[in-house]
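Okay, target-v4.txt is below, compact mmCIF, C-alpha atoms:
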```
# COMPACT_ATOMS: atom_id res chain seq x y z
CA MET D 286 7.06 11.98 0.97
CA THR D 287 1.94 14.91 1.82
CA ASP D 288 1.51 17.26 -0.31
CA PRO D 289 -1.14 15.28 -1.92
CA ALA D 290 0.96 12.16 -2.27
CA THR D 291 1.27 11.52 1.39
CA PRO D 292 -0.66 12.29 4.52
CA THR D 293 -1.21 15.98 4.92
CA GLU D 294 0.61 18.39 7.07
CA PRO D 295 -1.50 21.05 8.77
CA ALA D 296 -1.32 24.70 7.75
CA GLU D 297 2.08 26.19 8.13
CA PRO D 298 2.63 29.54 9.82
CA PRO D 299 2.57 32.65 7.63
CA PRO D 300 5.92 34.07 6.55
CA PRO D 301 7.51 36.42 9.03
CA ALA D 302 7.41 40.15 8.41
CA PRO D 303 10.42 41.48 6.50
CA ALA D 304 13.20 42.67 8.75
CA PRO D 305 16.24 44.75 7.90
CA SER D 306 19.25 42.66 6.93
CA ASP D 307 21.83 42.50 9.71
CA PRO D 308 25.37 41.32 8.88
CA ALA D 309 25.98 40.30 12.50
CA ALA D 310 22.78 38.25 12.60
CA GLU D 311 23.65 36.69 9.25
CA THR D 312 27.11 35.70 10.51
CA ALA D 313 25.68 34.25 13.71
CA ALA D 314 23.06 32.28 11.78
CA ARG D 315 25.71 30.96 9.40
CA GLY D 316 27.76 29.86 12.41
CA ARG D 317 24.81 27.96 13.86
CA ARG D 318 24.19 26.30 10.49
CA ASN D 319 27.83 25.29 10.26
CA ILE D 320 27.70 23.72 13.73
CA PHE D 321 24.57 21.84 12.70
CA ILE D 322 26.28 20.54 9.53
CA ALA D 323 29.37 19.53 11.54
CA LEU D 324 27.24 17.61 14.04
CA GLY D 325 25.43 15.89 11.17
CA LEU D 326 28.73 14.84 9.57
CA VAL D 327 30.09 13.51 12.87
CA ALA D 328 26.86 11.59 13.46
CA PHE D 329 27.09 10.10 9.96
CA ILE D 330 30.69 9.01 10.49
CA VAL D 331 29.82 7.41 13.85
CA LEU D 332 26.86 5.61 12.28
CA VAL D 333 28.97 4.24 9.41
CA TYR D 334 31.60 3.09 11.93
CA LEU D 335 29.05 1.32 14.16
CA VAL D 336 27.19 -0.25 11.22
CA THR D 337 30.49 -1.51 9.81
CA LEU D 338 31.37 -3.09 13.15
CA LEU D 339 27.99 -4.78 13.42
CA ARG D 340 27.80 -5.97 9.80
CA MET D 341 31.41 -7.04 9.31
CA GLY D 342 32.69 -7.68 12.82
CA GLY D 343 31.45 -11.26 12.90
CA ASN D 344 33.16 -12.09 9.60
CA ILE D 345 36.47 -10.72 10.86
CA LEU D 346 36.29 -12.81 14.03
CA GLU D 347 35.47 -15.95 12.03
CA ARG D 348 38.04 -15.48 9.29
CA PRO D 349 40.50 -18.33 8.73
CA LEU D 350 43.87 -17.60 10.27
CA MET S 192 9.97 18.55 -16.76
CA HIS S 193 7.44 21.33 -17.25
CA LYS S 194 5.35 23.68 -15.20
CA SER S 195 3.01 24.56 -18.03
CA THR S 196 -0.27 24.12 -16.19
CA ALA S 197 0.51 26.69 -13.54
CA SER S 198 -1.88 29.61 -13.74
CA PRO S 199 -0.84 33.18 -14.61
CA THR S 200 -1.43 33.99 -10.95
CA VAL S 201 1.57 31.85 -10.11
CA ALA S 202 3.85 33.61 -12.53
CA GLU S 203 2.78 36.99 -11.22
CA ALA S 204 3.22 36.09 -7.58
CA PRO S 205 5.87 38.25 -5.95
CA ILE S 206 8.99 36.63 -4.56
CA LEU S 207 8.99 37.22 -0.84
CA ASP S 208 12.21 38.27 0.79
CA SER S 209 12.13 37.93 4.53
CA ARG S 210 15.70 39.26 4.83
CA LEU S 211 16.08 37.01 7.83
CA PRO S 212 19.16 34.76 7.83
CA ALA S 213 18.28 31.11 7.44
CA GLU S 214 18.50 29.09 10.62
CA TRP S 215 19.19 25.36 10.74
CA SER S 216 15.55 24.90 11.70
CA ASP S 217 14.53 26.31 8.29
CA TYR S 218 16.42 23.46 6.66
CA VAL S 219 14.65 21.01 8.96
CA GLN S 220 11.34 22.49 7.76
CA LEU S 221 12.41 21.67 4.18
CA LEU S 222 12.19 17.99 5.16
CA LYS S 223 8.50 18.24 6.17
CA PRO S 224 9.01 16.71 9.62
CA ARG S 225 5.29 16.02 10.20
CA VAL S 226 5.08 13.94 7.03
CA MET S 227 8.37 12.30 7.96
CA SER S 228 6.91 11.18 11.28
CA LEU S 229 4.12 9.26 9.53
CA VAL S 230 6.61 7.69 7.12
CA VAL S 231 8.71 6.59 10.10
CA PHE S 232 5.66 5.12 11.82
CA THR S 233 4.48 3.07 8.82
CA ALA S 234 8.03 1.94 7.97
CA LEU S 235 8.59 0.86 11.56
CA THR S 236 5.35 -1.13 11.43
CA GLY S 237 6.52 -2.88 8.26
CA LEU S 238 9.90 -3.62 9.81
CA VAL S 239 8.36 -5.11 12.97
CA CYS S 240 5.66 -7.05 11.08
CA ALA S 241 8.36 -8.81 9.03
CA GLY S 242 9.05 -10.79 12.18
CA VAL S 243 12.76 -11.16 11.49
CA PRO S 244 15.09 -10.48 14.43
CA MET S 245 17.28 -7.47 13.78
CA HIS S 246 19.96 -5.73 15.81
CA PRO S 247 18.29 -2.70 17.43
CA LEU S 248 20.95 -0.30 16.17
CA LEU S 249 20.68 -1.58 12.59
CA ALA S 250 16.88 -1.29 12.81
CA ALA S 251 17.18 2.26 14.11
CA VAL S 252 19.62 3.23 11.34
CA ALA S 253 17.33 1.66 8.74
CA ILE S 254 14.38 3.73 9.99
CA LEU S 255 16.61 6.83 10.06
CA CYS S 256 17.57 6.22 6.43
CA ILE S 257 13.91 5.91 5.40
CA ALA S 258 13.14 9.14 7.28
CA LEU S 259 16.02 10.95 5.55
CA GLY S 260 14.82 9.61 2.20
CA ALA S 261 11.39 11.05 2.91
CA GLY S 262 13.10 14.32 3.83
CA ALA S 263 15.02 14.30 0.56
CA SER S 264 11.74 13.88 -1.36
CA ALA S 265 10.26 16.81 0.53
CA ALA S 266 13.29 19.02 -0.21
CA PHE S 267 13.00 18.24 -3.94
CA ASN S 268 9.29 19.05 -3.74
CA MET S 269 9.93 22.38 -1.99
CA TRP S 270 12.54 23.30 -4.59
CA PHE S 271 10.39 22.50 -7.63
CA ASP S 272 7.05 23.74 -6.27
CA ALA S 273 8.25 27.07 -4.87
CA ASP S 274 6.25 28.95 -7.52
CA ILE S 275 2.91 27.43 -6.59
CA ASP S 276 3.71 27.27 -2.86
CA ARG S 277 4.12 31.05 -3.03
CA VAL S 278 0.47 31.60 -3.99
CA MET S 279 -1.18 29.02 -1.72
CA ARG S 280 -1.98 30.17 1.81
CA ARG S 281 -1.24 26.68 3.20
CA THR S 282 2.32 26.74 1.86
CA GLN S 283 3.35 30.42 1.72
CA GLY S 284 5.30 30.11 4.94
CA ARG S 285 7.59 27.35 3.65
CA PRO S 286 11.31 28.20 3.67
CA VAL S 287 11.78 28.60 -0.10
CA PRO S 288 8.69 30.69 -1.01
CA SER S 289 9.21 32.87 2.06
CA GLY S 290 12.74 33.64 0.87
CA LYS S 291 14.55 32.22 3.90
CA VAL S 292 16.21 29.41 1.93
CA GLN S 293 17.36 29.56 -1.69
CA GLY S 294 15.82 27.03 -4.10
CA ALA S 295 19.29 25.79 -5.09
CA ASP S 296 20.04 25.03 -1.43
CA ALA S 297 16.86 22.98 -1.16
CA LEU S 298 17.85 21.08 -4.31
CA GLY S 299 21.35 20.49 -2.94
CA LEU S 300 19.98 19.23 0.36
CA GLY S 301 17.69 16.83 -1.50
CA ILE S 302 20.56 15.41 -3.56
CA VAL S 303 22.87 14.98 -0.56
CA LEU S 304 20.19 13.34 1.58
CA THR S 305 19.20 11.00 -1.27
CA LEU S 306 22.76 9.77 -1.70
CA LEU S 307 23.40 9.41 2.03
CA SER S 308 20.13 7.68 2.86
CA VAL S 309 20.20 5.17 -0.02
CA MET S 310 23.88 4.30 0.44
CA LEU S 311 23.62 3.96 4.21
CA LEU S 312 20.46 1.82 3.93
CA ALA S 313 22.20 -0.49 1.43
CA MET S 314 25.15 -0.79 3.78
CA THR S 315 22.99 -1.33 6.87
CA THR S 316 20.40 -3.74 5.42
CA ASN S 317 20.24 -4.89 1.79
CA TRP S 318 19.97 -3.68 -1.81
CA LEU S 319 16.25 -4.44 -2.06
CA ALA S 320 15.40 -1.98 0.71
CA ALA S 321 17.84 0.59 -0.68
CA GLY S 322 16.44 0.16 -4.19
CA LEU S 323 12.87 0.60 -2.98
CA LEU S 324 13.89 3.76 -1.11
CA ALA S 325 15.62 5.16 -4.20
CA PHE S 326 12.54 4.35 -6.31
CA THR S 327 10.27 6.04 -3.76
CA ILE S 328 12.33 9.24 -3.80
CA PHE S 329 12.42 9.22 -7.61
CA PHE S 330 8.68 8.56 -7.86
CA TYR S 331 7.76 11.37 -5.47
CA ALA S 332 10.26 13.95 -6.74
CA VAL S 333 10.05 13.31 -10.48
CA VAL S 334 6.87 11.37 -11.32
CA TYR S 335 4.57 13.07 -8.81
CA THR S 336 6.05 16.52 -8.16
CA MET S 337 7.43 17.36 -11.62
CA TRP S 338 4.86 15.59 -13.74
CA LEU S 339 1.58 14.35 -12.28
CA LYS S 340 0.85 17.15 -9.83
CA ARG S 341 0.44 19.85 -12.49
CA TRP S 342 -0.86 17.61 -15.25
CA THR S 343 -3.75 15.46 -14.12
CA ALA S 344 -6.52 15.31 -11.54
CA GLN S 345 -5.33 11.75 -10.86
CA ASN S 346 -2.12 13.23 -9.40
CA ILE S 347 -2.66 12.08 -5.84
CA VAL S 348 -4.04 8.69 -6.91
CA ILE S 349 -0.91 7.63 -8.82
CA GLY S 350 1.48 9.78 -6.81
CA GLY S 351 0.12 8.23 -3.63
CA LEU S 352 2.31 5.21 -4.33
CA ALA S 353 5.31 7.14 -3.02
CA GLY S 354 3.64 7.73 0.32
CA ALA S 355 2.45 4.12 0.44
CA LEU S 356 5.81 2.37 -0.01
CA PRO S 357 7.52 2.93 3.39
CA PRO S 358 6.00 -0.23 5.02
CA ALA S 359 7.45 -2.33 2.16
CA ILE S 360 10.84 -0.64 2.60
CA GLY S 361 10.75 -1.38 6.33
CA TRP S 362 9.74 -5.00 5.67
CA ALA S 363 12.49 -5.42 3.06
CA ALA S 364 15.05 -3.90 5.44
CA ALA S 365 14.30 -6.59 8.02
CA ALA S 366 13.57 -9.61 5.86
CA GLY S 367 15.30 -8.96 2.53
CA GLU S 368 12.05 -9.70 0.72
CA THR S 369 8.58 -8.19 0.31
CA PRO S 370 5.86 -10.85 0.56
CA LEU S 371 2.15 -10.33 -0.09
CA ASN S 372 1.47 -8.98 3.39
CA ALA S 373 4.01 -6.20 2.87
CA TRP S 374 2.24 -5.15 -0.33
CA LEU S 375 -1.11 -5.37 1.46
CA MET S 376 0.11 -2.64 3.81
CA VAL S 377 1.20 -0.61 0.79
CA LEU S 378 -2.22 -1.12 -0.81
CA ILE S 379 -3.99 0.12 2.31
CA ILE S 380 -2.13 3.46 2.27
CA PHE S 381 -2.42 3.69 -1.53
CA LEU S 382 -6.23 3.35 -1.45
CA TRP S 383 -6.51 5.53 1.66
CA THR S 384 -4.80 8.50 -0.01
CA PRO S 385 -7.55 9.58 -2.47
CA PRO S 386 -10.44 9.85 0.02
CA HIS S 387 -8.09 11.48 2.53
CA PHE S 388 -6.83 14.16 0.17
CA TRP S 389 -10.00 14.76 -1.76
CA ALA S 390 -11.84 15.33 1.53
CA LEU S 391 -9.21 17.96 2.35
CA SER S 392 -9.30 19.49 -1.11
CA LEU S 393 -13.09 19.89 -0.93
CA TYR S 394 -12.60 22.69 1.56
CA THR S 395 -9.28 24.04 0.28
CA SER S 396 -9.99 23.86 -3.46
CA GLU S 397 -9.86 27.65 -3.85
CA ASP S 398 -6.23 27.53 -2.79
CA TYR S 399 -5.43 24.83 -5.35
CA ALA S 400 -7.39 26.63 -8.08
CA LYS S 401 -5.48 29.84 -7.39
CA ALA S 402 -2.21 27.95 -7.83
CA GLY S 403 -3.36 26.16 -10.98
CA VAL S 404 -3.05 22.70 -9.43
CA PRO S 405 -5.61 20.36 -11.07
CA MET S 406 -7.00 18.81 -7.90
CA MET S 407 -10.16 16.78 -8.44
CA PRO S 408 -12.67 19.38 -7.10
CA VAL S 409 -11.08 22.03 -9.33
CA VAL S 410 -11.18 19.92 -12.49
CA ARG S 411 -14.24 17.67 -12.10
CA GLY S 412 -16.28 19.59 -9.54
CA ALA S 413 -17.36 18.90 -5.99
CA ARG S 414 -20.14 16.39 -6.72
CA SER S 415 -17.89 14.12 -8.80
CA THR S 416 -15.21 14.34 -6.11
CA ARG S 417 -17.65 13.35 -3.37
CA LEU S 418 -18.78 10.37 -5.45
CA GLN S 419 -15.20 9.25 -6.02
CA VAL S 420 -14.45 9.59 -2.32
CA LEU S 421 -17.37 7.25 -1.62
CA VAL S 422 -16.26 4.72 -4.27
CA TYR S 423 -12.66 4.68 -3.05
CA SER S 424 -13.90 4.27 0.52
CA LEU S 425 -16.00 1.23 -0.50
CA VAL S 426 -12.90 -0.35 -2.03
CA LEU S 427 -10.61 0.72 0.82
CA ILE S 428 -12.45 -0.78 3.79
CA PRO S 429 -12.42 -4.46 2.64
CA VAL S 430 -8.71 -4.10 1.87
CA CYS S 431 -8.15 -2.68 5.38
CA ILE S 432 -9.92 -5.69 6.91
CA ALA S 433 -8.08 -8.22 4.69
CA PRO S 434 -4.89 -8.45 6.86
CA ALA S 435 -7.01 -10.13 9.54
CA PHE S 436 -7.41 -13.07 7.13
CA THR S 437 -3.88 -13.23 5.71
CA GLY S 438 -2.07 -13.77 9.00
CA LEU S 439 -0.83 -10.19 9.20
CA GLY S 440 -3.44 -8.95 11.68
CA GLY S 441 -5.09 -10.68 14.63
CA GLN S 442 -8.44 -10.47 16.40
CA VAL S 443 -7.85 -6.97 17.74
CA TYR S 444 -6.94 -5.79 14.25
CA LEU S 445 -10.12 -7.34 12.87
CA ALA S 446 -12.22 -5.46 15.42
CA VAL S 447 -10.40 -2.13 14.90
CA SER S 448 -10.44 -2.32 11.10
CA ALA S 449 -14.09 -3.39 10.90
CA LEU S 450 -15.41 -0.90 13.46
CA GLY S 451 -13.29 1.95 12.13
CA GLY S 452 -14.18 0.95 8.57
CA GLY S 453 -17.87 1.23 9.38
CA ILE S 454 -17.39 4.74 10.73
CA PHE S 455 -15.26 5.63 7.69
CA LEU S 456 -18.01 4.49 5.33
CA LEU S 457 -20.66 6.36 7.30
CA LEU S 458 -18.65 9.57 7.09
CA ALA S 459 -17.97 9.02 3.37
CA TRP S 460 -21.72 8.51 2.80
CA ARG S 461 -22.54 11.69 4.72
CA LEU S 462 -19.96 13.56 2.67
CA PHE S 463 -21.49 12.22 -0.53
CA ARG S 464 -24.93 13.45 0.53
CA SER S 465 -23.60 16.87 1.59
CA HIS S 466 -22.88 19.97 -0.48
CA ALA S 467 -19.24 20.14 0.53
CA GLY S 468 -17.03 21.98 -1.92
CA GLU S 469 -19.90 23.73 -3.70
CA GLY S 470 -19.76 27.50 -4.00
CA ALA S 471 -17.14 29.93 -2.84
CA ASP S 472 -17.05 31.17 0.67
CA PRO S 473 -17.63 34.93 0.67
CA ARG S 474 -16.05 35.35 4.07
CA ASN S 475 -12.35 35.85 4.50
CA GLY S 476 -11.93 33.22 7.13
CA GLN S 477 -8.95 31.07 7.96
CA LEU S 478 -7.93 28.42 5.48
CA TYR S 479 -9.12 25.56 7.64
CA ASP S 480 -12.36 27.17 8.76
CA VAL S 481 -15.29 24.93 8.01
CA LYS S 482 -17.04 26.47 5.05
CA VAL S 483 -20.77 26.16 4.58
CA GLY S 484 -21.67 22.50 4.05
CA ALA S 485 -18.08 21.34 4.32
CA ARG S 486 -18.16 20.04 7.88
CA ASP S 487 -18.66 16.52 6.53
CA ALA S 488 -15.48 16.85 4.45
CA ARG S 489 -13.48 17.93 7.47
CA ASN S 490 -14.93 15.09 9.55
CA LEU S 491 -13.87 12.47 7.00
CA PHE S 492 -10.44 14.07 6.60
CA ALA S 493 -9.81 14.04 10.34
CA PHE S 494 -11.15 10.51 10.83
CA SER S 495 -9.11 9.15 7.91
CA ILE S 496 -5.90 10.13 9.74
CA LEU S 497 -7.11 8.51 12.95
CA TYR S 498 -8.19 5.35 11.10
CA LEU S 499 -4.86 4.84 9.33
CA PHE S 500 -2.97 5.47 12.55
CA ALA S 501 -5.20 3.00 14.42
CA LEU S 502 -4.69 0.29 11.79
CA PHE S 503 -0.90 0.51 11.82
CA ALA S 504 -0.68 1.00 15.60
CA THR S 505 -2.76 -2.16 16.07
CA LEU S 506 -0.56 -4.14 13.69
CA LEU S 507 2.52 -2.84 15.47
CA GLY S 508 1.11 -3.65 18.89
CA GLU S 509 -0.01 -7.15 17.91
CA HIS S 510 3.37 -8.05 16.42
CA LEU S 511 5.31 -6.61 19.37
CA ALA S 512 3.07 -8.63 21.70
CA ARG S 513 3.68 -11.77 19.63
CA GLY S 514 7.41 -11.15 19.88
CA LEU S 515 7.23 -10.83 23.65
CA THR S 516 5.16 -13.99 24.13
CA SER S 517 7.07 -16.21 21.68
```

Please render this file's structure as structure tokens.
Amino acid sequence: MTDPATPTEPAEPPPPAPAPSDPAAETAARGRRNIFIALGLVAFIVLVYLVTLLRMGGNILERPL
Amino acid sequence: MHKSTASPTVAEAPILDSRLPAEWSDYVQLLKPRVMSLVVFTALTGLVCAGVPMHPLLAAVAILCIALGAGASAAFNMWFDADIDRVMRRTQGRPVPSGKVQGADALGLGIVLTLLSVMLLAMTTNWLAAGLLAFTIFFYAVVYTMWLKRWTAQNIVIGGLAGALPPAIGWAAAAGETPLNAWLMVLIIFLWTPPHFWALSLYTSEDYAKAGVPMMPVVRGARSTRLQVLVYSLVLIPVCIAPAFTGLGGQVYLAVSALGGGIFLLLAWRLFRSHAGEGADPRNGQLYDVKVGARDARNLFAFSILYLFALFATLLGEHLARGLTS
């Protein structure tokens, strides 16, 4: 949250030199991004599941029958 | 919100097109991982200092949410500031100005991460922590990035609140409340920000001037900036020592904060007496080269990072030790 409002990050590397667009490289990169998004979604679902168990599990066990 | 104060240089800056397909790592860079690591560290300190037992997994998820919230703020910042990032050497390589990631994608990532992090934090801990996180993201993205940064030389003073809040969020996540000691940690980071950033801006002011960002050395000059660094340092050090007397810090903290505070003041005094920030450097050196007379600015900048880290690491260590012995 640096830029001036938070502690500073050091200098970032200069932009890479322009390279010719490559449809195959673009497709491969999109595939890697999609895998990354899928992993993020799965991780989120697992987290929600575990948090629900921890936060609500006790109440379920102690509910009046 | 407006971008009216940006200089003509910004408007004329060419849009770079790297023609390289964006990798997932480019999206990670949008989240400013180095800044995120400091947010995580201070939030974790707040969470531990609250002294309330918490399930390790819930604590880890809470810290993750705060980190993702910080990342969302950074993504909003990268989206909105792409025009000025493009003309500053320090930020030209960022994913949006370099053309690797579209601005709309950065905005979308910021929105998604904001919703996920705030909702998950509310579910994992409580509404106070989630509300503070939402406020922090709003304050950084809207109040600081869209308004203060391009409007006033006090941008980092007021905007620094966003970077200062993570310890209070961590404390609230554990305890469900934010007592005085939590706000004392916030105050330390809040008062630390101006001398830290103005020391940096004294030797990178040309970059800010080129981008039309009204940083203090650009607007008020180097001498006024050095004086304000000294004044803020004089206010900061007693506040840094205060936790030793409020029950937050112990004897080790007192020693670290007092000794480090003395060094901080010495470096701030040396900076005040120097000529840092005066005159342009005729050489075409690297951005972080020490320009003539600016060594004192770099020394204070570097030590300020070490000092803040030492303060929070000491608090963290003392409270972990208390937990082990109790």

Considering only C-alpha atoms, tabulate each residue of chain S that lies at most 6 Å from chain D along with its nearest interatomic pair and the corresponding distance in Å to one decimal; arrange the rows by chain and ascending residue number and present them as JSON lines.
```
{"residue": "S:Ser209", "atom": "CA", "partner": "D:Pro303", "partner_atom": "CA", "distance": 4.4}
{"residue": "S:Arg210", "atom": "CA", "partner": "D:Ser306", "partner_atom": "CA", "distance": 5.3}
{"residue": "S:Pro212", "atom": "CA", "partner": "D:Glu311", "partner_atom": "CA", "distance": 5.1}
{"residue": "S:Glu214", "atom": "CA", "partner": "D:Ala314", "partner_atom": "CA", "distance": 5.7}
{"residue": "S:Trp215", "atom": "CA", "partner": "D:Arg318", "partner_atom": "CA", "distance": 5.1}
{"residue": "S:Ala261", "atom": "CA", "partner": "D:Met286", "partner_atom": "CA", "distance": 4.8}
{"residue": "S:Ser264", "atom": "CA", "partner": "D:Met286", "partner_atom": "CA", "distance": 5.6}
{"residue": "S:Ala265", "atom": "CA", "partner": "D:Met286", "partner_atom": "CA", "distance": 5.8}
{"residue": "S:Arg281", "atom": "CA", "partner": "D:Ala296", "partner_atom": "CA", "distance": 5.0}
{"residue": "S:Gly284", "atom": "CA", "partner": "D:Pro300", "partner_atom": "CA", "distance": 4.3}
{"residue": "S:Ser289", "atom": "CA", "partner": "D:Pro300", "partner_atom": "CA", "distance": 5.7}
{"residue": "S:Ile347", "atom": "CA", "partner": "D:Ala290", "partner_atom": "CA", "distance": 5.1}
{"residue": "S:Gly350", "atom": "CA", "partner": "D:Ala290", "partner_atom": "CA", "distance": 5.2}
{"residue": "S:Gly351", "atom": "CA", "partner": "D:Ala290", "partner_atom": "CA", "distance": 4.2}
{"residue": "S:Gly354", "atom": "CA", "partner": "D:Thr291", "partner_atom": "CA", "distance": 4.6}
```

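Relative to CA of Ser228 (chain S), CA of Thr369 (chain S) is found at 22.3 Å.
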
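Between CA of Ala250 (chain S) and CA of His510 (chain S) there is a distance of 15.5 Å.
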
CA of His387 (chain S) to CA of Phe455 (chain S) measures 10.6 Å

In terms of only C-alpha atoms, the residue from S:Ile454, S:Cys431, S:Leu352, S:Leu238 at minimal distance from Thr316 (chain S) is S:Leu238

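Comparing the minimum interatomic distances between Pro244 (chain S) and each of S:Leu356, S:Cys256, S:Leu506, S:Ala365, counting all atoms listed in the file, we find that S:Ala365 sits nearest.
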
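Of the residues listed (S:Trp374, S:Tyr444, S:Phe503, S:Tyr399), S:Tyr399 shows the shortest atom-to-atom separation from Thr282 (chain S); distances use all atoms listed in the file.
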
Can you give me N, CA and C atoms for region 317-333 of chain D, written as a PDB file, keeping the file's coordinate frame?
```
ATOM      1  N   ARG D 317      25.685  29.007  13.308  1.00  0.00           N
ATOM      2  CA  ARG D 317      24.810  27.960  13.860  1.00  0.00           C
ATOM      3  C   ARG D 317      24.554  26.881  12.815  1.00  0.00           C
ATOM      4  N   ARG D 318      24.405  27.301  11.561  1.00  0.00           N
ATOM      5  CA  ARG D 318      24.190  26.300  10.490  1.00  0.00           C
ATOM      6  C   ARG D 318      25.432  25.436  10.334  1.00  0.00           C
ATOM      7  N   ASN D 319      26.597  26.060  10.410  1.00  0.00           N
ATOM      8  CA  ASN D 319      27.830  25.290  10.260  1.00  0.00           C
ATOM      9  C   ASN D 319      27.993  24.267  11.379  1.00  0.00           C
ATOM     10  N   ILE D 320      27.633  24.666  12.602  1.00  0.00           N
ATOM     11  CA  ILE D 320      27.700  23.720  13.730  1.00  0.00           C
ATOM     12  C   ILE D 320      26.750  22.556  13.479  1.00  0.00           C
ATOM     13  N   PHE D 321      25.563  22.877  12.990  1.00  0.00           N
ATOM     14  CA  PHE D 321      24.570  21.840  12.700  1.00  0.00           C
ATOM     15  C   PHE D 321      25.086  20.864  11.639  1.00  0.00           C
ATOM     16  N   ILE D 322      25.715  21.395  10.594  1.00  0.00           N
ATOM     17  CA  ILE D 322      26.280  20.540   9.530  1.00  0.00           C
ATOM     18  C   ILE D 322      27.395  19.671  10.094  1.00  0.00           C
ATOM     19  N   ALA D 323      28.259  20.284  10.943  1.00  0.00           N
ATOM     20  CA  ALA D 323      29.370  19.530  11.540  1.00  0.00           C
ATOM     21  C   ALA D 323      28.838  18.380  12.391  1.00  0.00           C
ATOM     22  N   LEU D 324      27.822  18.665  13.197  1.00  0.00           N
ATOM     23  CA  LEU D 324      27.240  17.610  14.040  1.00  0.00           C
ATOM     24  C   LEU D 324      26.640  16.499  13.180  1.00  0.00           C
ATOM     25  N   GLY D 325      26.008  16.893  12.078  1.00  0.00           N
ATOM     26  CA  GLY D 325      25.430  15.890  11.170  1.00  0.00           C
ATOM     27  C   GLY D 325      26.510  15.005  10.565  1.00  0.00           C
ATOM     28  N   LEU D 326      27.628  15.620  10.169  1.00  0.00           N
ATOM     29  CA  LEU D 326      28.730  14.840   9.570  1.00  0.00           C
ATOM     30  C   LEU D 326      29.337  13.874  10.593  1.00  0.00           C
ATOM     31  N   VAL D 327      29.532  14.378  11.813  1.00  0.00           N
ATOM     32  CA  VAL D 327      30.090  13.510  12.870  1.00  0.00           C
ATOM     33  C   VAL D 327      29.137  12.344  13.134  1.00  0.00           C
ATOM     34  N   ALA D 328      27.847  12.645  13.214  1.00  0.00           N
ATOM     35  CA  ALA D 328      26.860  11.590  13.460  1.00  0.00           C
ATOM     36  C   ALA D 328      26.895  10.556  12.332  1.00  0.00           C
ATOM     37  N   PHE D 329      27.039  11.023  11.098  1.00  0.00           N
ATOM     38  CA  PHE D 329      27.090  10.100   9.960  1.00  0.00           C
ATOM     39  C   PHE D 329      28.316   9.198  10.044  1.00  0.00           C
ATOM     40  N   ILE D 330      29.456   9.801  10.385  1.00  0.00           N
ATOM     41  CA  ILE D 330      30.690   9.010  10.490  1.00  0.00           C
ATOM     42  C   ILE D 330      30.560   7.952  11.598  1.00  0.00           C
ATOM     43  N   VAL D 331      30.001   8.355  12.743  1.00  0.00           N
ATOM     44  CA  VAL D 331      29.820   7.410  13.850  1.00  0.00           C
ATOM     45  C   VAL D 331      28.884   6.279  13.437  1.00  0.00           C
ATOM     46  N   LEU D 332      27.820   6.632  12.729  1.00  0.00           N
ATOM     47  CA  LEU D 332      26.860   5.610  12.280  1.00  0.00           C
ATOM     48  C   LEU D 332      27.529   4.611  11.335  1.00  0.00           C
ATOM     49  N   VAL D 333      28.284   5.133  10.364  1.00  0.00           N
ATOM     50  CA  VAL D 333      28.970   4.240   9.410  1.00  0.00           C
ATOM     51  C   VAL D 333      29.943   3.318  10.158  1.00  0.00           C
TER      52      VAL D 333
END
```
